[in-house]
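Visitor: Next up is a structure, given as structure tokens.
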2 protein chains.
Amino acid sequence: MGYTKILAHTIEQNELSAIFKALAHPARVAILQHISEQPNCICNDIVNDIDLAQATISQHLTELKKVGLISGHQEGKKMCYRINVDKLYEVKHLISTFFNKVQ
Amino acid sequence: MGYTKILAHTIEQNELSAIFKALAHPARVAILQHISEQPNCICNDIVNDIDLAQATISQHLTELKKVGLISGHQEGKKMCYRINVDKLYEVKHLISTFFNKVQ
DNA sequence: ATCTATTATTGCATAATTGCGATAATAAAG
DNA sequence: CTTTATTATCGCAATTATGCAATAATAGAT
């Protein structure tokens with residue numbers, strides 16, 4: 001095979017695991033922490049902070065944007081990134097509910 | 001490349017992302033929920049619940065055991081699985097701290 | 001119009017993940 | 001000892017993830 005059998009699970013299980021997957025890489029954890037500490041930072045700020053190529057950081061940023069945990073807005077030739085607080089709150093609640101049920 | 005550049009990140013970032021990775025599959029989410037609802041269940045119980053082959057379920061169980069979220073103890077020819085409550089509490093705290101800092 | 005800064009995308013190689021059939025391993029039952 | 005039940009492991013194929021160099025795309029500056 002090679003692909004995840006999505007149909008073997010519920011929508012909730014697939015959605016929750018998709019969130020976990022977005023956080024399942026140290027670079028993405030580090031990027032979230034960086035953006036949190038330097039709101040409206042740009043890609044190069046993160047590149048200077050983490051020992052990964054610009055292309056790689058950009059790809060991780062794209063993944064975090066895809067799940068909605070961060071958002072970017074253009075400012076001149078810079079793309080400024082910030083935490084999507086609403087989404088983060090939602091995710092926090094989802095995960096917290098999961099852990100409380102599994103207890 | 002193909003492998004994660006662990007040395008580009010802190011131990012904490014690597015450990016946290018490893019936990020997320022263990023949860024980054026719908027089958028593993030489903031398995032945790034199943035074990036939670038049926039404590040001391042066996043592998044075949046889960047196989048009857050989730051549309052995946054026995055070998056696949058066994059592999060996911062092994063991964064969950066590896067990060068310590070579940071534990072198994074032999075009972076005759078059956079291996080009974082249960083949630084590792086202490087580890088779950090620790091993980092819950094780690095994740096909660098992460099989200100509160102990133103806020 | 002050209003240059004510069006910044007970021008995204010493409011193409012590629014390598015590695016990890018996912019899933020399953022087949023088989024091995026283990027323990028109890030007959 | 002043989003059979004049965006249960007689970008783990010191996011070997012394989014397919015898919016996805018990771019990382020980077022090179023390049024394209026974009027917007028402002030000169």
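Ligands are numbered from 1 in the order shown, chains are lettered A, B, ... in the order of the structure tokens, and residues start at 1 in each chain.
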Give me the residues near region 17-31 of chain A as a ChimeraX atom specification, where near means some atom within 8 Å (using only C-alpha atoms (C1' of nucleotides)) and where sequence neighbours in that chain fewer than 5 positions away do not count.
Guide: /A:46,50,57,60-61,63-64,67,91 /B:4,6,8-9,13-14,16-21,23-26,29
Visitor: Residues of chain D within 8 Å of chain A, using only C-alpha atoms (C1' of nucleotides), as a PyMOL selection string?
Guide: chain D and resi 13-16+19-20+26-28
Visitor: DSSP says helix (DSSP H, G or I) for which residues of region 28-69 of chain B? Put them as number ranges by chain?
Guide: B: 28-37, 43-49, 54-66
Visitor: I'd like to know which of B:Cys41, B:Gln33, B:Leu88, B:Lys65 is closest to Glu12 (chain A), using only C-alpha atoms.
Guide: B:Gln33
Visitor: Compute the set of chain C residues within 7 Å of chain A, using only C-alpha atoms (C1' of nucleotides), and express it as an MDAnalysis selection string.
Guide: chainID C and resid 6 17:19
Visitor: In terms of the shortest atom-to-atom distance over only C-alpha atoms (C1' of nucleotides), which of C:DA22, C:DA16, C:DA27, C:DA8 is closest to DC12 (chain D)?
Guide: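 Result for the nearest residue to DC12 (chain D): C:DA22.
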Visitor: What's the separation between C1' of DT4 (chain C) and C1' of DA29 (chain D), in Å to one decimal place?
Guide: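 The value is 7.7 Å.
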Visitor: Got a sec to tell me which of region 2-89 of chain A DSSP assigns to strand (DSSP E), as a count of residues only?
Guide: 14
Visitor: Write out as a PyMOL selection string each polymer residue whose atoms come within 9 Å of Pro39 (chain A), counting only C-alpha atoms (C1' of nucleotides); drop sequence neighbours fewer than 5 positions from it.
Guide: chain A and resi 34+80-83
Visitor: Quick one: pull the distance between CA of Asp51 (chain B) and CA of Leu32 (chain B), Å, one decimal.
Guide: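 CA of Asp51 (chain B) sits 15.3 Å away from CA of Leu32 (chain B).
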Visitor: When distances are computed from only C-alpha atoms, which of A:Asn48, A:Asn84, A:Ser36, A:Ser71 shows the smallest separation from chain B?
Guide: A:Ser36
Visitor: With distances taken over only C-alpha atoms, which of A:Asn40, A:Glu15, A:Glu90, A:Ile35 is nearest to His73 (chain A)?
Guide: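 Selected residue with least distance to His73 (chain A): A:Asn40.
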Visitor: Excluding Ser96 (chain A) and any residue of its chain fewer than 5 positions from it, enumerate the residues within 10 Å of it, using only C-alpha atoms (C1' of nucleotides), and give them as a VMD selection string.
Guide: (chain A and resid 90 to 91 101 to 102) or (chain B and resid 92 95 to 96)
Visitor: Emit the selected residues as an mmCIF file, in the first residue's frame, including N, CA, C and O atoms.
Guide:
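Output saved as again_36.cif:
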```cif
data_model
loop_
_atom_site.group_PDB
_atom_site.id
_atom_site.type_symbol
_atom_site.label_atom_id
_atom_site.label_comp_id
_atom_site.auth_asym_id
_atom_site.auth_seq_id
_atom_site.Cartn_x
_atom_site.Cartn_y
_atom_site.Cartn_z
ATOM 1 N N GLU A 90 -9.335 26.554 18.725
ATOM 2 C CA GLU A 90 -10.177 25.433 18.302
ATOM 3 C C GLU A 90 -9.415 24.101 18.416
ATOM 4 O O GLU A 90 -9.929 23.106 18.936
ATOM 5 N N VAL A 91 -8.171 24.113 17.928
ATOM 6 C CA VAL A 91 -7.334 22.915 17.953
ATOM 7 C C VAL A 91 -7.042 22.492 19.392
ATOM 8 O O VAL A 91 -7.127 21.307 19.741
ATOM 9 N N LYS A 101 -11.343 12.437 26.989
ATOM 10 C CA LYS A 101 -12.159 11.249 26.732
ATOM 11 C C LYS A 101 -11.327 9.977 26.867
ATOM 12 O O LYS A 101 -11.785 8.973 27.398
ATOM 13 N N VAL A 102 -10.130 10.030 26.361
ATOM 14 C CA VAL A 102 -9.253 8.858 26.444
ATOM 15 C C VAL A 102 -8.755 8.665 27.871
ATOM 16 O O VAL A 102 -8.453 7.575 28.286
ATOM 17 N N LYS B 92 -0.313 15.044 28.029
ATOM 18 C CA LYS B 92 -1.359 16.071 28.104
ATOM 19 C C LYS B 92 -0.771 17.382 28.627
ATOM 20 O O LYS B 92 -1.027 18.453 28.073
ATOM 21 N N ILE B 95 1.723 18.969 25.987
ATOM 22 C CA ILE B 95 1.006 19.585 24.869
ATOM 23 C C ILE B 95 0.292 20.850 25.326
ATOM 24 O O ILE B 95 0.320 21.881 24.646
ATOM 25 N N SER B 96 -0.312 20.764 26.479
ATOM 26 C CA SER B 96 -1.026 21.915 27.022
ATOM 27 C C SER B 96 -0.074 23.087 27.238
ATOM 28 O O SER B 96 -0.384 24.239 26.910
#
```
